[in-house]
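Pasted below: upload-v1.tsv, TSV, C-alpha atoms and all ligand atoms.
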chain	number	residue	atom	x	y	z
A	1	MET	CA	0.00	0.00	0.00
A	2	HIS	CA	1.11	3.55	-0.67
A	3	LEU	CA	2.76	5.15	2.38
A	4	MET	CA	0.29	8.03	2.46
A	5	GLN	CA	-2.69	5.66	2.30
A	6	LEU	CA	-1.24	3.62	5.15
A	7	GLN	CA	-0.82	6.76	7.27
A	8	LYS	CA	-4.34	7.91	6.53
A	9	ARG	CA	-5.75	4.51	7.40
A	10	THR	CA	-3.82	4.51	10.70
A	11	MET	CA	-5.22	7.97	11.50
A	12	ALA	CA	-8.76	6.93	10.70
A	13	ILE	CA	-8.54	3.79	12.86
A	14	ALA	CA	-7.10	5.77	15.79
A	15	GLY	CA	-9.81	8.39	15.23
A	16	LEU	CA	-12.52	5.74	15.22
A	17	VAL	CA	-11.34	4.33	18.57
A	18	MET	CA	-11.45	7.87	20.06
A	19	PHE	CA	-14.86	8.49	18.54
A	20	GLY	CA	-16.17	5.25	20.11
A	21	TYR	CA	-14.74	6.30	23.46
A	22	LEU	CA	-16.34	9.76	23.17
A	23	ILE	CA	-19.80	8.25	22.57
A	24	PHE	CA	-19.35	5.91	25.54
A	25	HIS	CA	-18.03	8.76	27.72
A	26	MET	CA	-20.85	11.14	26.77
A	27	LEU	CA	-23.55	8.53	27.40
A	28	SER	CA	-22.13	7.48	30.74
A	29	ASN	CA	-21.86	11.15	31.77
A	30	LEU	CA	-25.56	11.61	31.02
A	31	THR	CA	-26.36	9.30	33.94
A	32	PHE	CA	-25.36	12.37	36.00
A	33	PHE	CA	-29.05	13.21	36.25
A	34	SER	CA	-29.38	10.24	38.58
A	35	LYS	CA	-26.79	10.76	41.30
A	36	GLU	CA	-26.96	7.08	42.39
A	37	LEU	CA	-26.49	5.72	38.88
A	38	PHE	CA	-23.61	8.11	38.08
A	39	ASN	CA	-21.74	7.30	41.28
A	40	GLU	CA	-22.41	3.58	40.93
A	41	PHE	CA	-21.09	3.63	37.39
A	42	TYR	CA	-17.90	5.51	38.31
A	43	GLN	CA	-17.34	3.36	41.41
A	44	TRP	CA	-17.49	0.27	39.21
A	45	TYR	CA	-15.34	1.99	36.57
A	46	ASN	CA	-12.67	2.89	39.14
A	47	ALA	CA	-12.75	-0.36	41.12
A	48	GLY	CA	-10.72	-2.62	38.82
A	49	ILE	CA	-8.29	-2.04	36.02
A	50	ILE	CA	-10.91	-0.82	33.54
A	51	ARG	CA	-10.17	2.87	34.02
A	52	TRP	CA	-6.41	2.34	33.66
A	53	LEU	CA	-6.97	0.16	30.64
A	54	VAL	CA	-9.17	2.80	28.98
A	55	LEU	CA	-6.75	5.58	29.88
A	56	SER	CA	-3.75	3.63	28.50
A	57	VAL	CA	-5.57	2.86	25.25
A	58	MET	CA	-6.53	6.55	24.92
A	59	VAL	CA	-2.95	7.74	25.53
A	60	VAL	CA	-1.59	5.33	22.90
A	61	VAL	CA	-4.30	6.14	20.39
A	62	ILE	CA	-3.97	9.93	20.80
A	63	GLY	CA	-0.20	9.55	20.46
A	64	VAL	CA	-0.55	7.52	17.23
A	65	HIS	CA	-3.15	9.96	15.86
A	66	VAL	CA	-1.02	13.06	16.48
A	67	ARG	CA	2.21	11.43	15.29
A	68	THR	CA	0.61	10.22	12.05
A	69	ALA	CA	-0.94	13.65	11.47
A	70	LEU	CA	2.51	15.23	11.74
A	71	LYS	CA	3.96	12.66	9.32
A	72	ILE	CA	1.19	13.31	6.81
A	73	ARG	CA	1.94	17.03	7.04
A	74	VAL	CA	5.57	16.39	6.19
A	75	ILE	CA	4.70	14.07	3.27
A	76	SER	CA	2.14	16.53	1.86
A	77	ALA	CA	4.44	19.51	2.24
A	78	ASN	CA	7.15	17.68	0.30
A	79	ALA	CA	4.80	16.33	-2.34
A	80	ARG	CA	2.89	19.36	-3.54
A	81	SER	CA	3.74	22.94	-4.24
A	82	VAL	CA	0.29	23.74	-5.65
A	83	ASN	CA	-2.67	23.20	-3.35
A	84	TYR	CA	-5.72	21.14	-4.23
A	85	TYR	CA	-8.92	22.92	-5.10
A	86	ARG	CA	-10.75	23.44	-1.81
A	87	HIS	CA	-14.44	22.79	-1.32
A	88	ASP	CA	-14.54	24.24	2.19
A	89	LYS	CA	-16.47	27.49	2.46
A	90	VAL	CA	-14.28	28.98	5.15
A	91	LYS	CA	-10.56	28.57	5.10
A	92	LEU	CA	-8.86	29.22	8.40
A	93	PRO	CA	-5.21	30.24	8.37
A	94	ALA	CA	-2.98	27.23	9.10
A	95	PHE	CA	-1.66	28.69	12.36
A	96	VAL	CA	-5.22	29.05	13.72
A	97	VAL	CA	-5.90	25.36	12.99
A	98	THR	CA	-2.60	24.31	14.58
A	99	ALA	CA	-3.17	26.51	17.64
A	100	SER	CA	-6.71	25.21	18.12
A	101	LEU	CA	-5.59	21.57	17.90
A	102	LEU	CA	-2.81	22.26	20.41
A	103	PHE	CA	-5.48	23.74	22.66
A	104	LEU	CA	-7.59	20.57	22.26
A	105	LEU	CA	-4.61	18.45	23.31
A	106	PHE	CA	-4.00	20.77	26.27
A	107	PHE	CA	-7.70	20.55	27.21
A	108	ILE	CA	-7.62	16.73	27.22
A	109	ILE	CA	-4.43	16.62	29.32
A	110	ILE	CA	-5.82	19.10	31.89
A	111	HIS	CA	-9.13	17.22	31.97
A	112	VAL	CA	-7.45	13.88	32.64
A	113	ILE	CA	-5.27	15.44	35.39
A	114	GLN	CA	-8.36	17.02	36.96
A	115	THR	CA	-10.39	13.80	36.93
A	116	LEU	CA	-7.44	11.76	38.22
A	117	GLY	CA	-7.59	14.04	41.24
A	118	PHE	CA	-11.26	13.24	41.81
A	119	SER	CA	-12.22	11.25	44.89
A	120	THR	CA	-13.75	8.08	43.47
A	121	VAL	CA	-16.24	7.81	46.35
A	122	ASP	CA	-18.47	10.62	45.07
A	123	VAL	CA	-17.58	11.51	41.46
A	124	HIS	CA	-20.96	13.28	41.20
A	125	GLN	CA	-20.00	15.75	43.93
A	126	GLU	CA	-16.54	16.23	42.41
A	127	THR	CA	-18.10	17.05	39.04
A	128	VAL	CA	-20.49	19.56	40.65
A	129	ILE	CA	-17.59	21.29	42.43
A	130	LEU	CA	-15.58	21.46	39.18
A	131	PHE	CA	-18.32	23.25	37.27
A	132	GLN	CA	-19.14	25.74	39.97
A	133	SER	CA	-16.24	27.69	38.56
A	134	PHE	CA	-17.10	30.09	35.74
A	135	TRP	CA	-13.63	29.63	34.24
A	136	MET	CA	-13.99	25.86	34.16
A	137	LEU	CA	-17.32	26.29	32.39
A	138	ILE	CA	-15.63	28.48	29.76
A	139	PHE	CA	-12.63	26.14	29.49
A	140	TYR	CA	-14.81	23.07	28.89
A	141	ILE	CA	-17.11	24.84	26.43
A	142	ALA	CA	-14.03	26.06	24.53
A	143	GLY	CA	-12.62	22.50	24.50
A	144	LEU	CA	-15.93	21.13	23.24
A	145	PHE	CA	-16.09	23.83	20.56
A	146	VAL	CA	-12.65	22.95	19.14
A	147	LEU	CA	-13.42	19.23	19.44
A	148	SER	CA	-16.66	19.79	17.46
A	149	MET	CA	-14.94	21.70	14.65
A	150	HIS	CA	-12.26	19.02	14.40
A	151	LEU	CA	-14.75	16.13	14.50
A	152	GLN	CA	-17.11	17.68	11.94
A	153	HIS	CA	-14.26	18.17	9.52
A	154	SER	CA	-12.72	14.73	9.97
A	155	LEU	CA	-15.99	12.77	10.02
A	156	ALA	CA	-17.07	14.49	6.80
A	157	ASN	CA	-13.72	13.58	5.23
A	158	VAL	CA	-13.98	9.94	6.29
A	159	MET	CA	-17.54	9.66	5.01
A	160	GLN	CA	-16.56	11.19	1.69
A	161	THR	CA	-13.72	8.68	1.40
A	162	LEU	CA	-16.29	5.95	2.00
A	163	GLY	CA	-18.26	7.20	-0.99
A	164	LYS	CA	-20.90	9.53	0.44
A	165	THR	CA	-21.59	12.72	-1.49
A	166	SER	CA	-20.23	15.98	-0.16
A	167	VAL	CA	-23.65	17.28	0.94
A	168	THR	CA	-24.64	14.06	2.73
A	169	SER	CA	-21.30	13.71	4.50
A	170	GLN	CA	-21.26	17.36	5.60
A	171	SER	CA	-24.76	17.28	7.07
A	172	LEU	CA	-24.37	13.83	8.65
A	173	ALA	CA	-21.09	14.96	10.22
A	174	TRP	CA	-22.80	18.07	11.63
A	175	LEU	CA	-25.66	16.00	13.05
A	176	VAL	CA	-23.37	13.51	14.78
A	177	THR	CA	-20.98	16.20	16.05
A	178	LEU	CA	-23.64	18.54	17.40
A	179	SER	CA	-25.45	15.68	19.20
A	180	LEU	CA	-22.20	14.60	20.82
A	181	ALA	CA	-21.20	18.14	21.82
A	182	ALA	CA	-24.68	18.90	23.17
A	183	GLY	CA	-24.62	15.71	25.26
A	184	PHE	CA	-21.27	16.73	26.77
A	185	ALA	CA	-22.15	20.43	27.22
A	186	LEU	CA	-25.37	19.67	29.07
A	187	LEU	CA	-23.56	18.79	32.30
A	188	PRO	CA	-21.40	21.89	32.82
A	189	ILE	CA	-24.24	24.18	31.70
A	190	TYR	CA	-26.79	22.47	33.94
A	191	ILE	CA	-24.47	22.49	36.96
A	192	TYR	CA	-23.43	26.12	36.52
A	193	PHE	CA	-26.80	27.64	35.68
A	194	VAL	CA	-29.35	25.37	37.33
A	195	MET	CA	-27.75	23.66	40.32
A	196	GLN	CA	-26.44	26.69	42.15
B	201	LIG	C1	-18.21	18.39	29.98
B	201	LIG	C2	-17.86	17.27	29.59
B	201	LIG	C3	-17.14	16.20	30.35
B	201	LIG	C4	-17.31	15.73	31.64
B	201	LIG	C5	-18.34	16.17	32.66
B	201	LIG	C6	-16.33	14.68	31.83
B	201	LIG	C7	-16.18	13.93	33.01
B	201	LIG	C8	-15.21	12.97	33.22
B	201	LIG	C9	-15.08	12.16	34.41
B	201	LIG	C10	-16.02	12.29	35.60
B	201	LIG	C11	-14.00	11.32	34.23
B	201	LIG	C12	-13.41	10.21	35.11
B	201	LIG	C13	-13.83	10.07	36.48
B	201	LIG	C14	-13.43	8.79	37.12
B	201	LIG	O1	-13.19	7.75	36.48
B	201	LIG	O2	-13.38	8.83	38.36
B	201	LIG	C15	-13.44	11.62	32.94
B	201	LIG	C16	-12.31	11.01	32.39
B	201	LIG	C17	-11.83	11.22	31.13
B	201	LIG	N1	-12.38	12.06	30.17
B	201	LIG	FE1	-14.00	13.28	30.42
B	201	LIG	N2	-15.59	14.54	30.69
B	201	LIG	C18	-16.05	15.46	29.77
B	201	LIG	C19	-15.59	15.66	28.48
B	201	LIG	C20	-14.54	14.97	27.90
B	201	LIG	C21	-14.05	15.18	26.57
B	201	LIG	C22	-14.64	16.18	25.57
B	201	LIG	C23	-13.01	14.33	26.40
B	201	LIG	C24	-12.12	14.09	25.20
B	201	LIG	C25	-11.95	14.94	24.23
B	201	LIG	C26	-12.82	13.58	27.62
B	201	LIG	C27	-11.85	12.64	27.83
B	201	LIG	C28	-11.63	11.97	29.02
B	201	LIG	C29	-10.53	11.03	29.23
B	201	LIG	C30	-9.47	10.63	28.19
B	201	LIG	C31	-10.65	10.57	30.55
B	201	LIG	C32	-9.69	9.58	31.25
B	201	LIG	C33	-10.05	8.14	31.04
B	201	LIG	C34	-11.17	7.75	31.91
B	201	LIG	O3	-11.04	7.86	33.13
B	201	LIG	O4	-12.19	7.32	31.36
B	201	LIG	N3	-13.78	13.99	28.52
B	201	LIG	N4	-14.21	12.61	32.34

Taking this structure as input, can you express it in the form of structure tokens?
Ligand code: HEM
Amino acid sequence: MHLMQLQKRTMAIAGLVMFGYLIFHMLSNLTFFSKELFNEFYQWYNAGIIRWLVLSVMVVVIGVHVRTALKIRVISANARSVNYYRHDKVKLPAFVVTASLLFLLFFIIIHVIQTLGFSTVDVHQETVILFQSFWMLIFYIAGLFVLSMHLQHSLANVMQTLGKTSVTSQSLAWLVTLSLAAGFALLPIYIYFVMQ
């Protein structure tokens, strides 16, 4: 297989694993609306090796995803001097894209550090305390915003590769991304605006 194809396949597989995790993570977070269920879930999740297993897989997969992305950048930069025709309506300057993805990485690292500091006895209470801070609300919404932009773009690309038309893949990608982001955003917004 062509080197570039191999890299792109690796990226897509790593992306798919992360996407699966995100759906699982969002759905389990929605049990927040039942304190008992949420705490029971996270107590079970933290009791054995599951959490460490999930965390290790995520670290490896994020590492592979980022590393492959950097390799693809190098290959593309060496291969073409003239850019492809772009179908995107808005074209962000490259440094804005790079900076936003670095922010996403930073967001994930901070989030993992924060949740590792959670007491596993009452994860519900820990989550409530976290989102009583206005700055944490802003930080998480900003993280979710960048994640959404990145996901919409990459899901649309993957679907187009799989043969969907541009219009179908764009709208499907928006639908999936916005549902996921809304599911995640519900918690911080509810805690900050309704619970206190
Ligand atoms: C507002 C939304 C979110 C909330 C409320 C939330 C909450 C949590 C909680 C409570 C834990 C672990 C607690 C425990 O096991 O004791 C956790 C872990 C984690 N979260 Fe989130 N999360 C959110 C969004 C995200 C997003 C957007 C990502 C990825 C882009 C993410 C990635 C992770 C990872 C990688 C872990 C560590 C592995 C694990 O313990 O499952 N989270 N999150």

Problem set entry | All residues having an atom within 7 Å of ligand LIG 201 (chain B) (only C-alpha atoms and all ligand atoms) as a PyMOL selection string | chain A and resi 22+25+29+42+45-46+51+54-55+58+108+111-112+115-116+118+120+123+127+140+143-144+147+184-185+187-188

Selection to disk with C-alpha atoms, as a compact mmCIF listing (two decimals), in the coordinates of the input:
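The resulting file, out-v7.txt, is shown below:
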# COMPACT_ATOMS: atom_id res chain seq x y z
CA LEU A 22 -16.34 9.76 23.17
CA HIS A 25 -18.03 8.76 27.72
CA ASN A 29 -21.86 11.15 31.77
CA TYR A 42 -17.90 5.51 38.31
CA TYR A 45 -15.34 1.99 36.57
CA ASN A 46 -12.67 2.89 39.14
CA ARG A 51 -10.17 2.87 34.02
CA VAL A 54 -9.17 2.80 28.98
CA LEU A 55 -6.75 5.58 29.88
CA MET A 58 -6.53 6.55 24.92
CA ILE A 108 -7.62 16.73 27.22
CA HIS A 111 -9.13 17.22 31.97
CA VAL A 112 -7.45 13.88 32.64
CA THR A 115 -10.39 13.80 36.93
CA LEU A 116 -7.44 11.76 38.22
CA PHE A 118 -11.26 13.24 41.81
CA THR A 120 -13.75 8.08 43.47
CA VAL A 123 -17.58 11.51 41.46
CA THR A 127 -18.10 17.05 39.04
CA TYR A 140 -14.81 23.07 28.89
CA GLY A 143 -12.62 22.50 24.50
CA LEU A 144 -15.93 21.13 23.24
CA LEU A 147 -13.42 19.23 19.44
CA PHE A 184 -21.27 16.73 26.77
CA ALA A 185 -22.15 20.43 27.22
CA LEU A 187 -23.56 18.79 32.30
CA PRO A 188 -21.40 21.89 32.82

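Separating CA of Ala69 (chain A) from CA of Gln7 (chain A) is a distance of 8.1 Å.
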
*Take CA of Thr10 (chain A) and CA of Ser148 (chain A) and report the distance between them in Å, one decimal.*
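So the answer is 21.1 Å.
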
Atomic separation - CA of Leu151 (chain A) relative to CA of Ser34 (chain A), Å =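 These two atoms are separated by 28.8 Å.
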
Of A:Ala12, A:Leu30, A:Val57, A:Val176, the one sitting nearest Leu162 (chain A) when using all atoms listed in the file is A:Ala12

Across A:Trp174, A:Ser179, A:Ile141, A:Phe41, the smallest distance to Ser28 (chain A), with all atoms listed in the file counted, is shown by A:Phe41

Counting all atoms listed in the file, closest pick from A:Ile110, A:Val128, A:Ile138, A:Ala77 relative to Ile191 (chain A) is A:Val128

Restricting the calculation to only C-alpha atoms: of A:Phe95, A:Phe24, A:Phe32, A:Tyr192, which residue gets closest to Ile129 (chain A)?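 Residue with the minimum atom-to-atom distance to Ile129 (chain A): A:Tyr192.
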